[in-house]
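Trainee: Can you keep this structure in mind? I'll have questions shortly.
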2 protein chains.
Amino acid sequence: MARAIARRDDLLPVLAETFREHGYEGASLSLIATATGLGKGSLYHFFPGGKAEMVEAVLAEIEAWFEARVFAPLRQADDPAAAIAAMFTTVSDYFRSGRRVCLVGALSLSDARDRFAETLRRYFALWVEALTGALVRAGHPPEGATALAEDIVGGIQGAVVLARALDRPETFDRILVCLRERSRLTAGA
Amino acid sequence: MARAIARRDDLLPVLAETFREHGYEGASLSLIATATGLGKGSLYHFFPGGKAEMVEAVLAEIEAWFEARVFAPLRQADDPAAAIAAMFTTVSDYFRSGRRVCLVGALSLSDARDRFAETLRRYFALWVEALTGALVRAGHPPEGATALAEDIVGGIQGAVVLARALDRPETFDRILVCLRERSRLTAGA
DNA sequence: AAAACACTGTACCGATCGGTCCATTCTTGA
DNA sequence: TCAAGAATGGACCGATCGGTACAGTGTTTT
């Protein structure tokens, strides 16, 4: 009985969604098996380290995704202001207006944080760093750029929490619009 | 073997801290038993509904705490601006500069959200509502007050996430200072 | 053709899960 | 004084947990 349909990479999106919906503890192996349509044997073939390795793989893919679509554009864009604006659109799509949880943020609040501490830290550090650079190149004063970048990245995370708790996706979008506004150059900033 | 030391109310802070540190799934009954120093028999005596009832009780106490220390002052203060400033101090203390997770926010991101949906929703709704009122009475234009209140409440939640992920409590404090600044009246707002 | 290897489902493992039950002990009011 | 009830710890329950072992099937290489 072997059907070589699945490749490891194809599993990652399903795994990611499962961990997003159920968390680290809540995503049991049987749940994962059902979601992926694979038996435990196959799962442990691809991820000998079990759930921990699955999460690490998922986090690595998430980081790669953001690196390609968000961080790198922020760093390299000829037009930093446009790159920042694009970031908000990309992120809003990615989080489905707050209906989709940020796995990195959710893990950061859970007891699994310590286990994946370095990976979680790096994700947010890279984001803040890339955004800070773009803000500066867009004309923001360097002294306040990191603070503003942290406000924005943190604000996005908070928007996910709030929109989910209130069950109001439009709140997510509204907060993102407001954050985008703050990223634009004003007399005060 | 009976020592009538514990009253139900005395258990709530311990339960709250346990759920904060381990989440709903992660806080097993044996863990709770160890943390409280009570056997399962006693726990089920106080909370016949098991873990779910424990969480509901904890959430009720949290809401009562915020009602007394945050929401009510925001609603009733003679000096709304001072009440808003006090809110930031209270909240910063409560969350220990981001070292302590917001249980309501953490549950909102977890798969336990649906189970406690109404309680989670009400907590944030009450907060946003009370803050909106205070902002208006402090002189903010009513059209933008709810949006600003959502920015602030969401911003606080995001600050917890970010500070925990980055392992930098000072980031939490810095974001709160920035939010407090935005709550003050400026020419633009 | 056949050996090597990748992949698969499942039976099974000990541990732990949430929850029940109950004998016992302490407290309290009559 | 003593029955009633609150509170307690722990044995116990079936279910499920994460993880292992393995025999079987498909594909690839030789």
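In the structure tokens, each chain is lettered A, B, ... as it comes, each chain's residues begin at 1, and ligands are numbered from 1 in order of appearance.
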With only C-alpha atoms (C1' of nucleotides) as the counted atoms, please give the residues lying no more than 12 Å from segment 19-26 of chain C, apart from itself and same-chain residues fewer than 5 positions off, as number ranges by chain.

Mentor: B: 1-5, 28-30, 40-41, 43-45, 47-51; D: 5-15

Trainee: Write down as an MDAnalysis selection string the residues belonging to segment 17-176 of chain A that are assigned alpha helix (DSSP H) by DSSP computed on the backbone.

Mentor: chainID A and resid 17:26 29:36 40:46 51:66 72:76 80:94 103:109 117:137 142:166 169:176

Trainee: Since chain A and chain B share a sequence, can you fit the second onto the first over all C-alpha atoms in order and output it as a PDB file with C-alpha atoms, in the first residue's frame?

Mentor:
```pdb
ATOM      1  CA  MET B   1      -0.248   0.137  -0.042  1.00  0.00           C
ATOM      2  CA  ALA B   2       1.677   3.132  -1.204  1.00  0.00           C
ATOM      3  CA  ARG B   3       0.607   6.131  -3.155  1.00  0.00           C
ATOM      4  CA  ALA B   4       3.510   8.516  -3.637  1.00  0.00           C
ATOM      5  CA  ILE B   5       1.196  11.429  -4.199  1.00  0.00           C
ATOM      6  CA  ALA B   6       2.266  13.619  -1.344  1.00  0.00           C
ATOM      7  CA  ARG B   7       5.473  15.512  -1.178  1.00  0.00           C
ATOM      8  CA  ARG B   8       6.582  17.041   2.035  1.00  0.00           C
ATOM      9  CA  ASP B   9       6.146  20.571   0.739  1.00  0.00           C
ATOM     10  CA  ASP B  10       2.565  19.879  -0.276  1.00  0.00           C
ATOM     11  CA  LEU B  11       1.741  19.001   3.311  1.00  0.00           C
ATOM     12  CA  LEU B  12       2.921  22.272   4.791  1.00  0.00           C
ATOM     13  CA  PRO B  13      -0.111  24.419   3.887  1.00  0.00           C
ATOM     14  CA  VAL B  14      -2.461  21.829   5.345  1.00  0.00           C
ATOM     15  CA  LEU B  15      -0.344  21.508   8.464  1.00  0.00           C
ATOM     16  CA  ALA B  16      -0.176  25.281   8.779  1.00  0.00           C
ATOM     17  CA  GLU B  17      -3.933  25.615   8.608  1.00  0.00           C
ATOM     18  CA  THR B  18      -4.399  22.830  11.141  1.00  0.00           C
ATOM     19  CA  PHE B  19      -2.025  24.451  13.623  1.00  0.00           C
ATOM     20  CA  ARG B  20      -3.642  27.825  13.030  1.00  0.00           C
ATOM     21  CA  GLU B  21      -7.093  26.460  13.799  1.00  0.00           C
ATOM     22  CA  HIS B  22      -6.218  24.230  16.725  1.00  0.00           C
ATOM     23  CA  GLY B  23      -2.921  25.462  18.151  1.00  0.00           C
ATOM     24  CA  TYR B  24       0.032  23.315  19.047  1.00  0.00           C
ATOM     25  CA  GLU B  25      -1.590  21.262  21.781  1.00  0.00           C
ATOM     26  CA  GLY B  26      -4.959  21.166  20.107  1.00  0.00           C
ATOM     27  CA  ALA B  27      -3.695  19.809  16.818  1.00  0.00           C
ATOM     28  CA  SER B  28      -3.498  16.129  17.676  1.00  0.00           C
ATOM     29  CA  LEU B  29      -1.795  13.619  15.433  1.00  0.00           C
ATOM     30  CA  SER B  30      -5.077  11.971  14.581  1.00  0.00           C
ATOM     31  CA  LEU B  31      -6.467  15.387  13.620  1.00  0.00           C
ATOM     32  CA  ILE B  32      -3.409  16.026  11.490  1.00  0.00           C
ATOM     33  CA  ALA B  33      -3.724  12.594   9.956  1.00  0.00           C
ATOM     34  CA  THR B  34      -7.324  13.313   9.006  1.00  0.00           C
ATOM     35  CA  ALA B  35      -6.526  16.764   7.644  1.00  0.00           C
ATOM     36  CA  THR B  36      -3.641  15.561   5.512  1.00  0.00           C
ATOM     37  CA  GLY B  37      -5.187  12.227   4.603  1.00  0.00           C
ATOM     38  CA  LEU B  38      -2.027  10.461   5.677  1.00  0.00           C
ATOM     39  CA  GLY B  39      -1.408   7.793   8.275  1.00  0.00           C
ATOM     40  CA  LYS B  40       0.950   8.272  11.138  1.00  0.00           C
ATOM     41  CA  GLY B  41       3.564   6.218   9.343  1.00  0.00           C
ATOM     42  CA  SER B  42       3.686   8.664   6.470  1.00  0.00           C
ATOM     43  CA  LEU B  43       3.696  11.672   8.740  1.00  0.00           C
ATOM     44  CA  TYR B  44       6.631  10.344  10.711  1.00  0.00           C
ATOM     45  CA  HIS B  45       8.355   9.454   7.489  1.00  0.00           C
ATOM     46  CA  PHE B  46       8.287  13.100   6.422  1.00  0.00           C
ATOM     47  CA  PHE B  47       8.709  14.539   9.897  1.00  0.00           C
ATOM     48  CA  PRO B  48      10.718  12.133  12.059  1.00  0.00           C
ATOM     49  CA  GLY B  49      10.694  14.694  14.845  1.00  0.00           C
ATOM     50  CA  GLY B  50       6.920  14.561  15.147  1.00  0.00           C
ATOM     51  CA  LYS B  51       4.755  17.591  15.863  1.00  0.00           C
ATOM     52  CA  ALA B  52       7.674  19.779  16.862  1.00  0.00           C
ATOM     53  CA  GLU B  53       9.353  19.228  13.512  1.00  0.00           C
ATOM     54  CA  MET B  54       6.073  19.852  11.705  1.00  0.00           C
ATOM     55  CA  VAL B  55       5.681  23.212  13.401  1.00  0.00           C
ATOM     56  CA  GLU B  56       9.284  24.152  12.683  1.00  0.00           C
ATOM     57  CA  ALA B  57       8.774  23.270   9.032  1.00  0.00           C
ATOM     58  CA  VAL B  58       5.572  25.282   8.872  1.00  0.00           C
ATOM     59  CA  LEU B  59       7.211  28.263  10.557  1.00  0.00           C
ATOM     60  CA  ALA B  60      10.134  28.046   8.139  1.00  0.00           C
ATOM     61  CA  GLU B  61       7.759  28.147   5.205  1.00  0.00           C
ATOM     62  CA  ILE B  62       5.860  31.062   6.674  1.00  0.00           C
ATOM     63  CA  GLU B  63       9.094  32.944   7.168  1.00  0.00           C
ATOM     64  CA  ALA B  64      10.148  32.165   3.604  1.00  0.00           C
ATOM     65  CA  TRP B  65       6.780  33.364   2.329  1.00  0.00           C
ATOM     66  CA  PHE B  66       7.029  36.645   4.206  1.00  0.00           C
ATOM     67  CA  GLU B  67      10.660  37.014   3.230  1.00  0.00           C
ATOM     68  CA  ALA B  68       9.768  36.769  -0.438  1.00  0.00           C
ATOM     69  CA  ARG B  69       6.539  38.766  -0.413  1.00  0.00           C
ATOM     70  CA  VAL B  70       7.006  41.273   2.377  1.00  0.00           C
ATOM     71  CA  PHE B  71      10.475  41.615   3.885  1.00  0.00           C
ATOM     72  CA  ALA B  72      12.536  41.560   0.685  1.00  0.00           C
ATOM     73  CA  PRO B  73      10.266  44.038  -1.145  1.00  0.00           C
ATOM     74  CA  LEU B  74      10.482  46.364   1.838  1.00  0.00           C
ATOM     75  CA  ARG B  75      14.273  46.176   1.764  1.00  0.00           C
ATOM     76  CA  GLN B  76      14.839  46.427  -1.949  1.00  0.00           C
ATOM     77  CA  ALA B  77      12.024  48.535  -3.313  1.00  0.00           C
ATOM     78  CA  ASP B  78      12.934  51.524  -5.418  1.00  0.00           C
ATOM     79  CA  ASP B  79       9.800  53.180  -4.113  1.00  0.00           C
ATOM     80  CA  PRO B  80       9.726  52.451  -0.365  1.00  0.00           C
ATOM     81  CA  ALA B  81       6.398  54.175   0.190  1.00  0.00           C
ATOM     82  CA  ALA B  82       4.765  52.002  -2.440  1.00  0.00           C
ATOM     83  CA  ALA B  83       6.335  48.895  -0.918  1.00  0.00           C
ATOM     84  CA  ILE B  84       4.898  49.789   2.474  1.00  0.00           C
ATOM     85  CA  ALA B  85       1.477  50.322   0.948  1.00  0.00           C
ATOM     86  CA  ALA B  86       1.784  46.974  -0.825  1.00  0.00           C
ATOM     87  CA  MET B  87       2.702  45.338   2.485  1.00  0.00           C
ATOM     88  CA  PHE B  88      -0.651  46.311   3.964  1.00  0.00           C
ATOM     89  CA  THR B  89      -2.526  44.853   1.030  1.00  0.00           C
ATOM     90  CA  THR B  90      -0.514  41.638   1.109  1.00  0.00           C
ATOM     91  CA  VAL B  91      -0.932  41.231   4.850  1.00  0.00           C
ATOM     92  CA  SER B  92      -4.642  41.951   4.790  1.00  0.00           C
ATOM     93  CA  ASP B  93      -5.098  39.288   2.138  1.00  0.00           C
ATOM     94  CA  TYR B  94      -2.883  36.857   3.991  1.00  0.00           C
ATOM     95  CA  PHE B  95      -4.787  37.177   7.250  1.00  0.00           C
ATOM     96  CA  ARG B  96      -8.125  37.191   5.437  1.00  0.00           C
ATOM     97  CA  SER B  97      -9.171  40.359   7.221  1.00  0.00           C
ATOM     98  CA  GLY B  98      -8.444  38.821  10.589  1.00  0.00           C
ATOM     99  CA  ARG B  99     -10.435  35.678   9.992  1.00  0.00           C
ATOM    100  CA  ARG B 100      -7.171  33.803   9.716  1.00  0.00           C
ATOM    101  CA  VAL B 101      -4.991  33.685  12.781  1.00  0.00           C
ATOM    102  CA  CYS B 102      -1.315  34.586  12.648  1.00  0.00           C
ATOM    103  CA  LEU B 103       0.327  31.327  13.646  1.00  0.00           C
ATOM    104  CA  VAL B 104       3.486  33.072  14.789  1.00  0.00           C
ATOM    105  CA  GLY B 105       1.524  35.418  17.009  1.00  0.00           C
ATOM    106  CA  ALA B 106      -0.690  32.659  18.370  1.00  0.00           C
ATOM    107  CA  LEU B 107       2.296  30.495  19.239  1.00  0.00           C
ATOM    108  CA  SER B 108       3.936  33.472  20.901  1.00  0.00           C
ATOM    109  CA  LEU B 109       1.022  33.663  23.331  1.00  0.00           C
ATOM    110  CA  SER B 110       0.890  29.920  23.946  1.00  0.00           C
ATOM    111  CA  ASP B 111       3.017  27.696  26.123  1.00  0.00           C
ATOM    112  CA  ALA B 112       4.749  26.470  22.969  1.00  0.00           C
ATOM    113  CA  ARG B 113       6.515  29.826  22.847  1.00  0.00           C
ATOM    114  CA  ASP B 114       9.622  28.660  24.686  1.00  0.00           C
ATOM    115  CA  ARG B 115      10.026  25.667  22.431  1.00  0.00           C
ATOM    116  CA  PHE B 116      10.118  27.799  19.280  1.00  0.00           C
ATOM    117  CA  ALA B 117      11.369  31.002  20.846  1.00  0.00           C
ATOM    118  CA  GLU B 118      14.168  31.774  18.437  1.00  0.00           C
ATOM    119  CA  THR B 119      12.047  31.169  15.326  1.00  0.00           C
ATOM    120  CA  LEU B 120       9.213  33.331  16.625  1.00  0.00           C
ATOM    121  CA  ARG B 121      11.591  36.086  17.635  1.00  0.00           C
ATOM    122  CA  ARG B 122      13.322  36.126  14.268  1.00  0.00           C
ATOM    123  CA  TYR B 123      10.070  36.433  12.324  1.00  0.00           C
ATOM    124  CA  PHE B 124       9.036  39.605  14.088  1.00  0.00           C
ATOM    125  CA  ALA B 125      12.585  40.963  14.250  1.00  0.00           C
ATOM    126  CA  LEU B 126      12.973  40.592  10.489  1.00  0.00           C
ATOM    127  CA  TRP B 127       9.650  42.267   9.895  1.00  0.00           C
ATOM    128  CA  VAL B 128      10.363  45.218  12.166  1.00  0.00           C
ATOM    129  CA  GLU B 129      13.839  45.603  10.707  1.00  0.00           C
ATOM    130  CA  ALA B 130      12.728  45.550   7.090  1.00  0.00           C
ATOM    131  CA  LEU B 131       9.872  47.942   7.781  1.00  0.00           C
ATOM    132  CA  THR B 132      12.108  50.303   9.716  1.00  0.00           C
ATOM    133  CA  GLY B 133      14.469  50.527   6.756  1.00  0.00           C
ATOM    134  CA  ALA B 134      11.664  51.208   4.335  1.00  0.00           C
ATOM    135  CA  LEU B 135      10.217  53.902   6.583  1.00  0.00           C
ATOM    136  CA  VAL B 136      13.567  55.652   6.793  1.00  0.00           C
ATOM    137  CA  ARG B 137      14.119  55.490   3.059  1.00  0.00           C
ATOM    138  CA  ALA B 138      10.605  56.827   2.602  1.00  0.00           C
ATOM    139  CA  GLY B 139      11.634  59.882   4.527  1.00  0.00           C
ATOM    140  CA  HIS B 140      10.758  59.154   8.114  1.00  0.00           C
ATOM    141  CA  PRO B 141      13.234  60.413  10.698  1.00  0.00           C
ATOM    142  CA  PRO B 142      15.501  57.513  11.725  1.00  0.00           C
ATOM    143  CA  GLU B 143      15.050  58.177  15.459  1.00  0.00           C
ATOM    144  CA  GLY B 144      11.391  57.257  15.407  1.00  0.00           C
ATOM    145  CA  ALA B 145      11.360  54.731  12.592  1.00  0.00           C
ATOM    146  CA  THR B 146      11.880  51.582  14.657  1.00  0.00           C
ATOM    147  CA  ALA B 147       9.207  52.666  17.101  1.00  0.00           C
ATOM    148  CA  LEU B 148       6.771  53.285  14.266  1.00  0.00           C
ATOM    149  CA  ALA B 149       7.616  49.932  12.710  1.00  0.00           C
ATOM    150  CA  GLU B 150       6.954  48.194  16.022  1.00  0.00           C
ATOM    151  CA  ASP B 151       3.685  50.072  16.363  1.00  0.00           C
ATOM    152  CA  ILE B 152       2.616  48.853  12.951  1.00  0.00           C
ATOM    153  CA  VAL B 153       3.701  45.222  13.278  1.00  0.00           C
ATOM    154  CA  GLY B 154       2.253  45.028  16.784  1.00  0.00           C
ATOM    155  CA  GLY B 155      -0.846  46.844  15.611  1.00  0.00           C
ATOM    156  CA  ILE B 156      -1.451  44.226  12.954  1.00  0.00           C
ATOM    157  CA  GLN B 157      -1.164  41.453  15.529  1.00  0.00           C
ATOM    158  CA  GLY B 158      -3.548  43.256  17.829  1.00  0.00           C
ATOM    159  CA  ALA B 159      -5.960  43.743  14.980  1.00  0.00           C
ATOM    160  CA  VAL B 160      -6.102  39.977  14.483  1.00  0.00           C
ATOM    161  CA  VAL B 161      -6.847  39.441  18.169  1.00  0.00           C
ATOM    162  CA  LEU B 162      -9.492  42.130  18.336  1.00  0.00           C
ATOM    163  CA  ALA B 163     -11.221  41.250  15.092  1.00  0.00           C
ATOM    164  CA  ARG B 164     -11.411  37.602  16.082  1.00  0.00           C
ATOM    165  CA  ALA B 165     -12.699  38.321  19.576  1.00  0.00           C
ATOM    166  CA  LEU B 166     -15.276  40.818  18.360  1.00  0.00           C
ATOM    167  CA  ASP B 167     -16.027  38.644  15.346  1.00  0.00           C
ATOM    168  CA  ARG B 168     -15.782  41.730  13.177  1.00  0.00           C
ATOM    169  CA  PRO B 169     -13.444  41.424  10.187  1.00  0.00           C
ATOM    170  CA  GLU B 170     -14.163  45.007   9.217  1.00  0.00           C
ATOM    171  CA  THR B 171     -12.421  46.089  12.409  1.00  0.00           C
ATOM    172  CA  PHE B 172      -9.264  44.407  11.149  1.00  0.00           C
ATOM    173  CA  ASP B 173      -9.437  46.237   7.848  1.00  0.00           C
ATOM    174  CA  ARG B 174     -10.162  49.550   9.541  1.00  0.00           C
ATOM    175  CA  ILE B 175      -7.173  49.249  11.856  1.00  0.00           C
ATOM    176  CA  LEU B 176      -4.933  48.368   8.928  1.00  0.00           C
ATOM    177  CA  VAL B 177      -6.099  51.423   7.020  1.00  0.00           C
ATOM    178  CA  CYS B 178      -5.284  53.521  10.051  1.00  0.00           C
ATOM    179  CA  LEU B 179      -1.828  51.984  10.409  1.00  0.00           C
ATOM    180  CA  ARG B 180      -1.167  52.521   6.725  1.00  0.00           C
ATOM    181  CA  GLU B 181      -2.080  56.146   7.180  1.00  0.00           C
ATOM    182  CA  ARG B 182       0.413  56.486   9.992  1.00  0.00           C
ATOM    183  CA  SER B 183       3.117  55.023   7.789  1.00  0.00           C
ATOM    184  CA  ARG B 184       2.657  57.872   5.334  1.00  0.00           C
ATOM    185  CA  LEU B 185       4.603  61.037   5.838  1.00  0.00           C
ATOM    186  CA  THR B 186       2.803  63.735   7.765  1.00  0.00           C
ATOM    187  CA  ALA B 187       3.908  67.070   9.077  1.00  0.00           C
ATOM    188  CA  GLY B 188       4.109  65.731  12.625  1.00  0.00           C
ATOM    189  CA  ALA B 189       5.977  62.497  11.946  1.00  0.00           C
TER     190      ALA B 189
END
```

Trainee: How many Å separate atom C1' of DG9 of chain C from atom C1' of DG19 of chain D?

Mentor: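 If I compute the distance from atom C1' of DG9 of chain C to atom C1' of DG19 of chain D, I get 15.4 Å.
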
Trainee: Counting only C-alpha atoms (C1' of nucleotides), which residues of chain D come no farther than 7 Å from chain A, as a PyMOL selection string?

Mentor: chain D and resi 24-26

Trainee: Select residues of chain C: the criterion is any atom within 12 Å of an atom of chain A, counting only C-alpha atoms (C1' of nucleotides); output as a PyMOL selection string.

Mentor: chain C and resi 6-11+17

Trainee: Show which residues sit within 10 Å of DA30 of chain C, as a PDB file with all heavy atoms, in the first residue's frame. Count only C-alpha atoms (C1' of nucleotides), and ignore same-chain residues fewer than 2 positions away.

Mentor:
```
ATOM      1  P    DT C  28     -17.223  26.130  60.266  1.00  0.00           P
ATOM      2  OP1  DT C  28     -16.974  27.313  59.432  1.00  0.00           O
ATOM      3  OP2  DT C  28     -16.663  26.025  61.638  1.00  0.00           O
ATOM      4  O5'  DT C  28     -18.793  25.884  60.336  1.00  0.00           O
ATOM      5  C5'  DT C  28     -19.480  25.379  59.186  1.00  0.00           C
ATOM      6  C4'  DT C  28     -20.863  24.914  59.589  1.00  0.00           C
ATOM      7  O4'  DT C  28     -20.818  23.546  60.072  1.00  0.00           O
ATOM      8  C3'  DT C  28     -21.516  25.740  60.703  1.00  0.00           C
ATOM      9  O3'  DT C  28     -22.794  26.155  60.275  1.00  0.00           O
ATOM     10  C2'  DT C  28     -21.576  24.767  61.883  1.00  0.00           C
ATOM     11  C1'  DT C  28     -21.706  23.432  61.161  1.00  0.00           C
ATOM     12  N1   DT C  28     -21.276  22.239  61.950  1.00  0.00           N
ATOM     13  C2   DT C  28     -22.048  21.105  61.938  1.00  0.00           C
ATOM     14  O2   DT C  28     -23.070  21.005  61.291  1.00  0.00           O
ATOM     15  N3   DT C  28     -21.555  20.062  62.696  1.00  0.00           N
ATOM     16  C4   DT C  28     -20.396  20.057  63.458  1.00  0.00           C
ATOM     17  O4   DT C  28     -20.056  19.078  64.091  1.00  0.00           O
ATOM     18  C5   DT C  28     -19.637  21.290  63.432  1.00  0.00           C
ATOM     19  C7   DT C  28     -18.369  21.400  64.201  1.00  0.00           C
ATOM     20  C6   DT C  28     -20.109  22.312  62.691  1.00  0.00           C
TER      21       DT C  28
ATOM     22  P    DC D   2     -24.590  11.026  70.667  1.00  0.00           P
ATOM     23  OP1  DC D   2     -25.254   9.945  71.411  1.00  0.00           O
ATOM     24  OP2  DC D   2     -23.143  10.973  70.437  1.00  0.00           O
ATOM     25  O5'  DC D   2     -25.337  11.193  69.267  1.00  0.00           O
ATOM     26  C5'  DC D   2     -26.363  12.188  69.150  1.00  0.00           C
ATOM     27  C4'  DC D   2     -26.443  12.681  67.705  1.00  0.00           C
ATOM     28  O4'  DC D   2     -25.876  14.008  67.613  1.00  0.00           O
ATOM     29  C3'  DC D   2     -25.653  11.834  66.692  1.00  0.00           C
ATOM     30  O3'  DC D   2     -26.412  11.780  65.504  1.00  0.00           O
ATOM     31  C2'  DC D   2     -24.375  12.645  66.501  1.00  0.00           C
ATOM     32  C1'  DC D   2     -24.987  14.047  66.518  1.00  0.00           C
ATOM     33  N1   DC D   2     -24.015  15.156  66.703  1.00  0.00           N
ATOM     34  C2   DC D   2     -24.340  16.441  66.217  1.00  0.00           C
ATOM     35  O2   DC D   2     -25.425  16.611  65.662  1.00  0.00           O
ATOM     36  N3   DC D   2     -23.445  17.458  66.387  1.00  0.00           N
ATOM     37  C4   DC D   2     -22.285  17.232  66.980  1.00  0.00           C
ATOM     38  N4   DC D   2     -21.454  18.254  67.127  1.00  0.00           N
ATOM     39  C5   DC D   2     -21.927  15.934  67.477  1.00  0.00           C
ATOM     40  C6   DC D   2     -22.809  14.932  67.313  1.00  0.00           C
ATOM     41  P    DA D   3     -26.741  10.397  64.794  1.00  0.00           P
ATOM     42  OP1  DA D   3     -27.682   9.647  65.656  1.00  0.00           O
ATOM     43  OP2  DA D   3     -25.451   9.796  64.405  1.00  0.00           O
ATOM     44  O5'  DA D   3     -27.537  10.826  63.483  1.00  0.00           O
ATOM     45  C5'  DA D   3     -28.693  11.622  63.617  1.00  0.00           C
ATOM     46  C4'  DA D   3     -28.620  12.803  62.675  1.00  0.00           C
ATOM     47  O4'  DA D   3     -27.559  13.698  63.082  1.00  0.00           O
ATOM     48  C3'  DA D   3     -28.339  12.450  61.213  1.00  0.00           C
ATOM     49  O3'  DA D   3     -29.250  13.154  60.397  1.00  0.00           O
ATOM     50  C2'  DA D   3     -26.898  12.886  61.005  1.00  0.00           C
ATOM     51  C1'  DA D   3     -26.792  14.078  61.959  1.00  0.00           C
ATOM     52  N9   DA D   3     -25.433  14.380  62.418  1.00  0.00           N
ATOM     53  C8   DA D   3     -24.539  13.511  62.965  1.00  0.00           C
ATOM     54  N7   DA D   3     -23.392  14.073  63.304  1.00  0.00           N
ATOM     55  C5   DA D   3     -23.553  15.405  62.951  1.00  0.00           C
ATOM     56  C6   DA D   3     -22.704  16.524  63.065  1.00  0.00           C
ATOM     57  N6   DA D   3     -21.479  16.472  63.576  1.00  0.00           N
ATOM     58  N1   DA D   3     -23.187  17.701  62.617  1.00  0.00           N
ATOM     59  C2   DA D   3     -24.423  17.746  62.100  1.00  0.00           C
ATOM     60  N3   DA D   3     -25.308  16.760  61.957  1.00  0.00           N
ATOM     61  C4   DA D   3     -24.811  15.607  62.405  1.00  0.00           C
TER      62       DA D   3
END
```
